[in-house]
>>> print(open('input_14.txt').read())   # compact mmCIF, C-alpha atoms and all ligand atoms
# COMPACT_ATOMS: atom_id res chain seq x y z
CA MET S 1 12.65 -66.43 -8.70
CA ALA S 2 12.76 -62.82 -9.81
CA GLY S 3 15.06 -62.23 -12.74
CA ASP S 4 17.09 -59.30 -13.83
CA ASN S 5 14.24 -57.30 -15.19
CA VAL S 6 11.46 -55.60 -13.36
CA LEU S 7 8.12 -55.08 -14.96
CA LEU S 8 5.72 -52.36 -13.92
CA VAL S 9 2.19 -53.50 -14.50
CA ALA S 10 -0.74 -51.09 -14.51
CA VAL S 11 -4.18 -52.53 -14.83
CA TYR S 12 -7.42 -50.70 -15.31
CA GLU S 13 -10.47 -52.25 -13.70
CA LYS S 14 -13.94 -50.95 -12.95
CA ALA S 15 -12.81 -49.75 -9.53
CA GLY S 16 -9.85 -47.86 -10.99
CA TRP S 17 -6.17 -48.34 -11.63
CA TRP S 18 -3.85 -50.63 -9.73
CA SER S 19 -0.24 -51.28 -10.44
CA GLY S 20 2.72 -53.21 -9.15
CA PHE S 21 6.27 -54.31 -9.89
CA PHE S 22 7.02 -57.88 -10.87
CA GLY S 23 10.38 -59.54 -11.25
CA LEU S 24 10.90 -61.25 -14.61
CA HIS S 25 13.13 -63.97 -15.88
CA THR S 26 15.48 -62.51 -18.41
CA GLU S 27 14.11 -64.72 -21.16
CA THR S 28 10.55 -63.60 -20.53
CA GLN S 29 9.13 -61.62 -23.38
CA TYR S 30 7.17 -58.55 -22.55
CA GLU S 31 6.02 -55.36 -24.12
CA GLU S 32 7.10 -52.01 -22.86
CA ARG S 33 4.36 -49.66 -21.75
CA LEU S 34 5.50 -46.15 -21.11
CA PRO S 35 3.88 -43.73 -18.67
CA GLY S 36 0.93 -42.19 -20.43
CA TYR S 37 -0.23 -45.53 -21.78
CA GLN S 38 -3.15 -45.34 -19.40
CA ASP S 39 -5.11 -42.99 -21.60
CA GLN S 40 -5.95 -46.04 -23.72
CA THR S 41 -8.84 -48.05 -22.35
CA PRO S 42 -8.45 -51.73 -23.08
CA GLN S 43 -11.27 -53.13 -25.18
CA ARG S 44 -13.33 -55.93 -23.75
CA ARG S 45 -13.84 -58.98 -25.89
CA GLU S 46 -17.55 -58.72 -25.10
CA ASP S 47 -17.66 -55.26 -26.66
CA VAL S 48 -18.44 -56.87 -30.00
CA ASN S 49 -19.10 -53.70 -31.97
CA GLY S 50 -16.10 -51.92 -30.46
CA ASP S 51 -17.99 -48.85 -29.27
CA GLY S 52 -16.25 -48.91 -25.88
CA ARG S 53 -19.07 -50.39 -23.83
CA VAL S 54 -20.83 -53.70 -23.42
CA SER S 55 -24.48 -53.12 -24.18
CA ILE S 56 -27.60 -54.58 -25.72
CA LEU S 57 -26.27 -53.67 -29.13
CA ASP S 58 -23.45 -56.20 -28.63
CA MET S 59 -25.97 -58.91 -27.73
CA LEU S 60 -27.94 -58.11 -30.86
CA ARG S 61 -24.78 -58.45 -32.94
CA VAL S 62 -24.21 -61.91 -31.47
CA ALA S 63 -27.86 -62.91 -31.93
CA ARG S 64 -27.78 -61.94 -35.59
CA ARG S 65 -25.02 -64.49 -36.17
CA PHE S 66 -26.55 -67.35 -34.19
CA ASP S 67 -25.72 -70.77 -35.62
CA THR S 68 -22.94 -69.37 -37.77
CA LEU S 69 -19.96 -71.68 -37.92
CA VAL S 70 -16.99 -69.40 -37.82
CA ALA S 71 -13.57 -70.82 -37.08
CA ALA S 72 -12.34 -72.84 -40.01
CA LYS S 73 -8.88 -73.00 -38.51
CA PRO S 74 -7.45 -72.23 -35.07
CA GLY S 75 -6.68 -68.59 -34.59
CA SER S 76 -9.24 -67.36 -37.06
CA SER S 77 -12.18 -66.04 -35.17
CA VAL S 78 -14.94 -63.50 -35.47
CA ASN S 79 -15.92 -60.94 -32.87
CA GLU S 80 -19.24 -62.60 -32.16
CA ASP S 81 -17.69 -65.95 -31.16
CA ILE S 82 -16.78 -64.75 -27.68
CA ASN S 83 -15.53 -68.10 -26.37
CA ASP S 84 -13.74 -69.02 -29.61
CA ASP S 85 -15.37 -72.43 -29.86
CA GLY S 86 -16.09 -72.06 -33.54
CA ILE S 87 -19.81 -71.36 -33.39
CA VAL S 88 -21.87 -68.31 -32.49
CA ASN S 89 -24.69 -69.33 -30.18
CA ILE S 90 -26.55 -68.52 -26.97
CA THR S 91 -23.44 -69.19 -24.89
CA ASP S 92 -21.68 -66.25 -26.55
CA LEU S 93 -24.72 -64.07 -25.94
CA VAL S 94 -24.78 -65.04 -22.25
CA LEU S 95 -21.07 -64.20 -21.97
CA VAL S 96 -21.85 -60.72 -23.28
CA ALA S 97 -24.94 -60.38 -21.09
CA GLN S 98 -22.99 -60.95 -17.88
CA TYR S 99 -21.29 -57.56 -18.35
CA ILE S 100 -24.55 -55.70 -18.78
CA ASN S 101 -25.09 -54.53 -15.24
CA ASP S 102 -27.53 -51.79 -15.76
CA PRO S 103 -30.63 -52.69 -17.72
CA VAL S 104 -32.14 -49.27 -17.19
CA GLU S 105 -29.21 -47.48 -18.72
CA ASN S 106 -28.89 -50.10 -21.40
CA ASN S 107 -32.38 -50.56 -22.68
CA LEU S 108 -32.49 -47.00 -23.96
CA ASP S 109 -33.29 -46.95 -27.61
CA ALA S 110 -32.11 -50.44 -28.50
CA PRO S 111 -34.45 -52.19 -30.93
CA ILE S 112 -35.28 -54.99 -28.55
CA SER S 113 -38.54 -56.55 -27.42
CA PRO S 114 -39.45 -58.39 -24.20
CA GLY S 115 -40.37 -61.38 -26.39
CA LEU S 116 -36.86 -61.58 -27.83
CA VAL S 117 -35.24 -61.35 -24.40
CA GLN S 118 -37.60 -64.04 -23.08
CA GLN S 119 -36.52 -66.25 -25.99
CA TRP S 120 -32.84 -65.72 -25.07
CA ILE S 121 -33.59 -66.56 -21.43
CA ASP S 122 -35.29 -69.82 -22.46
CA MET S 123 -32.36 -70.71 -24.70
CA ALA S 124 -29.88 -69.83 -21.96
CA TRP S 125 -31.62 -72.05 -19.41
CA ALA S 126 -31.57 -74.90 -21.92
CA GLU S 127 -27.78 -74.55 -22.20
CA TYR S 128 -27.19 -73.70 -18.52
CA ASP S 129 -23.99 -75.38 -17.34
CA GLY S 130 -23.98 -74.19 -13.72
CA SER S 131 -21.13 -71.74 -14.32
CA ILE S 132 -20.88 -68.31 -12.70
CA GLU S 133 -20.81 -66.75 -16.17
CA PHE S 134 -24.14 -68.32 -17.05
CA GLN S 135 -25.68 -67.34 -13.74
CA LYS S 136 -24.57 -63.74 -14.17
CA GLY S 137 -25.64 -63.69 -17.80
CA ILE S 138 -29.09 -65.06 -17.12
CA THR S 139 -29.57 -62.66 -14.21
CA SER S 140 -28.68 -59.77 -16.53
CA LEU S 141 -31.19 -60.98 -19.11
CA GLU S 142 -33.91 -61.33 -16.48
CA ASN S 143 -33.20 -57.83 -15.18
CA LEU S 144 -33.37 -56.55 -18.71
CA LEU S 145 -36.70 -58.27 -19.29
CA MET S 146 -38.06 -56.70 -16.12
CA ALA S 147 -36.85 -53.27 -17.20
CA LEU S 148 -38.42 -53.66 -20.65
CA ASN S 149 -41.71 -54.75 -19.16
CA SER S 150 -41.78 -51.95 -16.62
CA ASP S 151 -41.46 -49.47 -19.47
CA LYS S 152 -44.79 -50.70 -20.76
CA ILE S 153 -46.53 -50.09 -17.46
CA GLU S 154 -46.94 -46.37 -17.44
CA THR S 155 -50.11 -46.47 -15.38
CA LYS S 156 -48.37 -46.52 -12.01
CA THR S 157 -46.22 -43.81 -10.47
CA ALA S 158 -42.98 -45.36 -9.23
CA LEU S 159 -39.47 -44.57 -8.06
CA PHE S 160 -36.66 -46.84 -9.26
CA ALA S 161 -33.13 -47.68 -8.15
CA ASN S 162 -30.56 -45.01 -8.97
CA TYR S 163 -27.72 -45.76 -11.33
CA PRO S 164 -24.86 -46.16 -11.04
CA ASN S 165 -24.95 -47.30 -7.42
CA PRO S 166 -22.65 -47.14 -5.54
CA PHE S 167 -21.53 -44.01 -7.30
CA ASN S 168 -19.02 -41.18 -7.32
CA PRO S 169 -19.65 -38.40 -7.81
CA GLU S 170 -22.96 -38.33 -9.72
CA THR S 171 -25.99 -40.54 -10.18
CA TRP S 172 -29.28 -40.71 -12.07
CA ILE S 173 -32.59 -41.42 -10.40
CA PRO S 174 -35.27 -42.97 -12.63
CA TYR S 175 -38.99 -42.77 -12.00
CA GLN S 176 -42.30 -42.80 -13.83
CA LEU S 177 -45.49 -40.79 -13.50
CA ALA S 178 -49.05 -42.00 -13.95
CA MET S 179 -50.35 -38.46 -14.38
CA PRO S 180 -48.96 -34.98 -14.90
CA THR S 181 -47.85 -33.50 -11.61
CA GLU S 182 -45.36 -31.38 -9.70
CA VAL S 183 -42.26 -33.44 -8.91
CA VAL S 184 -39.70 -32.87 -6.18
CA LEU S 185 -36.74 -35.01 -5.25
CA THR S 186 -35.06 -34.63 -1.87
CA ILE S 187 -31.77 -36.15 -0.82
CA HIS S 188 -31.34 -36.79 2.87
CA THR S 189 -28.99 -38.45 5.32
CA THR S 190 -29.76 -41.56 7.35
CA THR S 191 -30.75 -39.26 10.21
CA GLY S 192 -33.25 -37.40 8.02
CA ARG S 193 -31.26 -34.21 7.48
CA ILE S 194 -32.00 -32.83 4.01
CA VAL S 195 -28.80 -32.21 2.07
CA ARG S 196 -30.37 -31.19 -1.23
CA THR S 197 -33.75 -30.47 -2.74
CA LEU S 198 -34.18 -30.86 -6.49
CA PRO S 199 -37.39 -29.26 -7.74
CA LEU S 200 -38.06 -31.05 -11.04
CA GLY S 201 -41.05 -28.88 -11.90
CA HIS S 202 -44.37 -29.82 -13.40
CA GLN S 203 -43.95 -32.92 -15.52
CA ALA S 204 -46.05 -34.90 -17.99
CA ALA S 205 -47.09 -38.50 -17.34
CA GLY S 206 -44.50 -40.94 -18.64
CA VAL S 207 -41.30 -42.80 -18.02
CA TYR S 208 -38.24 -40.87 -16.83
CA LYS S 209 -35.49 -43.46 -16.90
CA THR S 210 -32.85 -42.60 -19.45
CA PRO S 211 -30.00 -40.27 -18.45
CA ASN S 212 -31.52 -37.36 -20.36
CA ARG S 213 -34.89 -37.78 -18.58
CA ALA S 214 -34.12 -39.22 -15.14
CA ALA S 215 -33.42 -36.93 -12.18
CA HIS S 216 -29.71 -36.18 -11.90
CA TRP S 217 -27.83 -35.56 -8.68
CA ASP S 218 -24.26 -34.29 -8.86
CA GLY S 219 -23.43 -35.51 -5.32
CA LYS S 220 -23.38 -31.97 -3.90
CA ASN S 221 -25.30 -30.38 -1.06
CA HIS S 222 -27.30 -27.15 -1.30
CA LEU S 223 -24.10 -25.16 -0.83
CA GLY S 224 -22.52 -26.81 -3.84
CA GLU S 225 -20.09 -28.85 -1.75
CA PRO S 226 -19.54 -32.56 -2.45
CA VAL S 227 -21.14 -34.62 0.31
CA THR S 228 -19.14 -37.19 2.25
CA SER S 229 -19.14 -40.91 1.46
CA GLY S 230 -21.88 -43.08 2.85
CA ILE S 231 -25.51 -43.99 2.64
CA TYR S 232 -28.09 -41.43 1.59
CA PHE S 233 -31.80 -41.63 0.91
CA TYR S 234 -33.73 -40.05 -1.93
CA THR S 235 -37.42 -39.29 -1.75
CA LEU S 236 -39.63 -38.62 -4.73
CA THR S 237 -42.74 -36.57 -4.12
CA ALA S 238 -45.19 -36.46 -7.02
CA GLY S 239 -48.69 -35.31 -6.09
CA ASP S 240 -49.99 -37.77 -3.50
CA PHE S 241 -47.19 -40.20 -4.27
CA THR S 242 -44.10 -40.40 -2.17
CA ALA S 243 -41.39 -43.07 -2.09
CA THR S 244 -37.91 -43.33 -0.65
CA ARG S 245 -34.92 -45.43 -1.65
CA LYS S 246 -31.36 -45.88 -0.48
CA MET S 247 -28.12 -45.13 -2.33
CA LEU S 248 -24.43 -45.24 -1.57
CA ILE S 249 -21.69 -42.76 -2.41
CA ARG S 250 -18.28 -44.39 -2.35
CA LYS S 251 -15.17 -42.23 -2.70
CA CA K 1 -20.35 -52.41 -27.60
CA CA K 2 -19.00 -69.57 -29.33
>>> encode(input="input_14.txt", output="structure tokens")
Amino acid sequence: MAGDNVLLVAVYEKAGWWSGFFGLHTETQYEERLPGYQDQTPQRREDVNGDGRVSILDMLRVARRFDTLVAAKPGSSVNEDINDDGIVNITDLVLVAQYINDPVENNLDAPISPGLVQQWIDMAWAEYDGSIEFQKGITSLENLLMALNSDKIETKTALFANYPNPFNPETWIPYQLAMPTEVVLTIHTTTGRIVRTLPLGHQAAGVYKTPNRAAHWDGKNHLGEPVTSGIYFYTLTAGDFTATRKMLIRK
């Protein structure tokens, strides 16, 4: 079974690094990775524009090349043909979409309209093959559509799900205000003990969703100490409005 060589494999995933030793047959070819290699983050195929993250911009890149026949011969491919089947179409877009987990963070300033996303969703359903990838991709697109639409509704004060969640150590808490008001965010435990109060001051009506506008919590209590892992609640108080949601710190 195991050969003369031993290979140390280190893999970076969302949850962090894992590594292990594997025996190798002597004839197996492998590349040597020295300690220190880990400062390179592997690029995902779905990161079409190579900016280090999978986002709406990558979907737009794919959409711009819809119906382009690409692979004249095996091995020649373009970034936008994610599944290397020789054509750029909705399937490639869905494959990118499945890695877009956070529509709030992603919809930022991307030049994208609810109408366009709806069109993609319709196309995706038409091609739906029952696969997990398609299910995840379509769910992402539907979440994105919801996020885009909620941006248009500025008439209602609301508190949204924090992102990332679960998180460690920091998170952003998005909300929107129907009218200018004093805003306070409190973080408390499941038993109601307040661990931190964030006075956000008097704020104008509008949407506070993007990282530079949403409330930010660094995961520390009022003494500046990191809180322990577990479930916490956050409550937004804005004038007469108050709402509470749950979040999870995982260390
Ligand atoms: Ca990208
Ligand atoms: Ca393709």
>>> residues_near_ligand(input="input_14.txt", ligand="ligand CA 2 (chain K)", cutoff="9 Å", atoms="all atoms listed in the file", output="MDAnalysis selection string")
chainID S and resid 69:70 80:93
>>> atom_distance(input="input_14.txt", atom1="CA of Pro180 in chain S", atom2="CA of Gly206 in chain S")
8.3 Å
>>> atom_distance(input="input_14.txt", atom1="CA of Thr186 in chain S", atom2="CA of Leu236 in chain S")
6.7 Å
>>> residues_near_ligand(input="input_14.txt", ligand="ligand CA 1 (chain K)", cutoff="10 Å", atoms="all atoms listed in the file", output="list in words")
Gln43, Arg44, Arg45, Glu46, Asp47, Val48, Asn49, Gly50, Asp51, Gly52, Arg53, Val54, Ser55, Ile56, Leu57, Asp58, Met59, Arg61 and Val96 of chain S
>>> closest_residue(input="input_14.txt", among="S:Ala158, S:Leu95, S:Leu60, S:Leu141", to="Val117 in chain S", atoms="only C-alpha atoms")
S:Leu141
>>> atom_distance(input="input_14.txt", atom1="CA of Thr157 in chain S", atom2="CA of Ile249 in chain S")
25.8 Å
>>> residues_around(input="input_14.txt", residues="Arg250 in chain S", least_positions_apart="6", cutoff="7 Å", atoms="only C-alpha atoms", output="VMD selection string")
chain S and resid 166 to 168 229 to 230
>>> axis_aligned_box(input="input_14.txt", around="range 173-177 of chain S", padding_each_side="8 Å", output="lines of an AutoDock Vina configuration file")
center_x = -39.0
center_y = -41.9
center_z = -12.1
size_x = 28.9
size_y = 18.2
size_z = 19.4
>>> residues_around(input="input_14.txt", residues="Ala204 in chain S", least_positions_apart="6", cutoff="8 Å", atoms="all atoms listed in the file", output="ChimeraX atom specification")
/S:177,179-181
>>> closest_residue(input="input_14.txt", among="S:Trp120, S:Val227, S:Thr237, S:Gly115", to="Val62 in chain S", atoms="all atoms listed in the file")
S:Trp120
>>> closest_atom_pairs(input="input_14.txt", of="range 67-182 of chain S", to="range 210-221 of chain S", cutoff="6 Å", atoms="all atoms listed in the file", output="CSV")
residue,atom,partner,partner_atom,distance
S:Pro169,CA,S:Gly219,CA,5.4
S:Glu170,CA,S:Asp218,CA,4.3
S:Thr171,CA,S:Trp217,CA,5.5
S:Trp172,CA,S:His216,CA,4.6
S:Ile173,CA,S:Ala215,CA,4.9
S:Pro174,CA,S:Ala214,CA,4.7
>>> closest_residue(input="input_14.txt", among="S:His222, S:Lys246, S:Arg193, S:Lys136", to="Ile121 in chain S", atoms="only C-alpha atoms")
S:Lys136
>>> residues_around(input="input_14.txt", residues="Leu159 in chain S", least_positions_apart="3", cutoff="10 Å", atoms="all atoms listed in the file", output="list in words")
Lys156, Asn162, Ile173, Pro174, Tyr175, Gln176, Leu177, Tyr208, Lys209, Tyr234, Thr235, Leu236, Thr237, Ala238, Phe241, Thr242, Ala243, Thr244 and Arg245 of chain S
>>> write_last_selection(input="input_14.txt", atoms="C-alpha atoms", output="PDB file, in the frame of the given file")
ATOM      1  CA  LYS S 156     -48.370 -46.520 -12.010  1.00  0.00           C
ATOM      2  CA  ASN S 162     -30.560 -45.010  -8.970  1.00  0.00           C
ATOM      3  CA  ILE S 173     -32.590 -41.420 -10.400  1.00  0.00           C
ATOM      4  CA  PRO S 174     -35.270 -42.970 -12.630  1.00  0.00           C
ATOM      5  CA  TYR S 175     -38.990 -42.770 -12.000  1.00  0.00           C
ATOM      6  CA  GLN S 176     -42.300 -42.800 -13.830  1.00  0.00           C
ATOM      7  CA  LEU S 177     -45.490 -40.790 -13.500  1.00  0.00           C
ATOM      8  CA  TYR S 208     -38.240 -40.870 -16.830  1.00  0.00           C
ATOM      9  CA  LYS S 209     -35.490 -43.460 -16.900  1.00  0.00           C
ATOM     10  CA  TYR S 234     -33.730 -40.050  -1.930  1.00  0.00           C
ATOM     11  CA  THR S 235     -37.420 -39.290  -1.750  1.00  0.00           C
ATOM     12  CA  LEU S 236     -39.630 -38.620  -4.730  1.00  0.00           C
ATOM     13  CA  THR S 237     -42.740 -36.570  -4.120  1.00  0.00           C
ATOM     14  CA  ALA S 238     -45.190 -36.460  -7.020  1.00  0.00           C
ATOM     15  CA  PHE S 241     -47.190 -40.200  -4.270  1.00  0.00           C
ATOM     16  CA  THR S 242     -44.100 -40.400  -2.170  1.00  0.00           C
ATOM     17  CA  ALA S 243     -41.390 -43.070  -2.090  1.00  0.00           C
ATOM     18  CA  THR S 244     -37.910 -43.330  -0.650  1.00  0.00           C
ATOM     19  CA  ARG S 245     -34.920 -45.430  -1.650  1.00  0.00           C
TER      20      ARG S 245
END
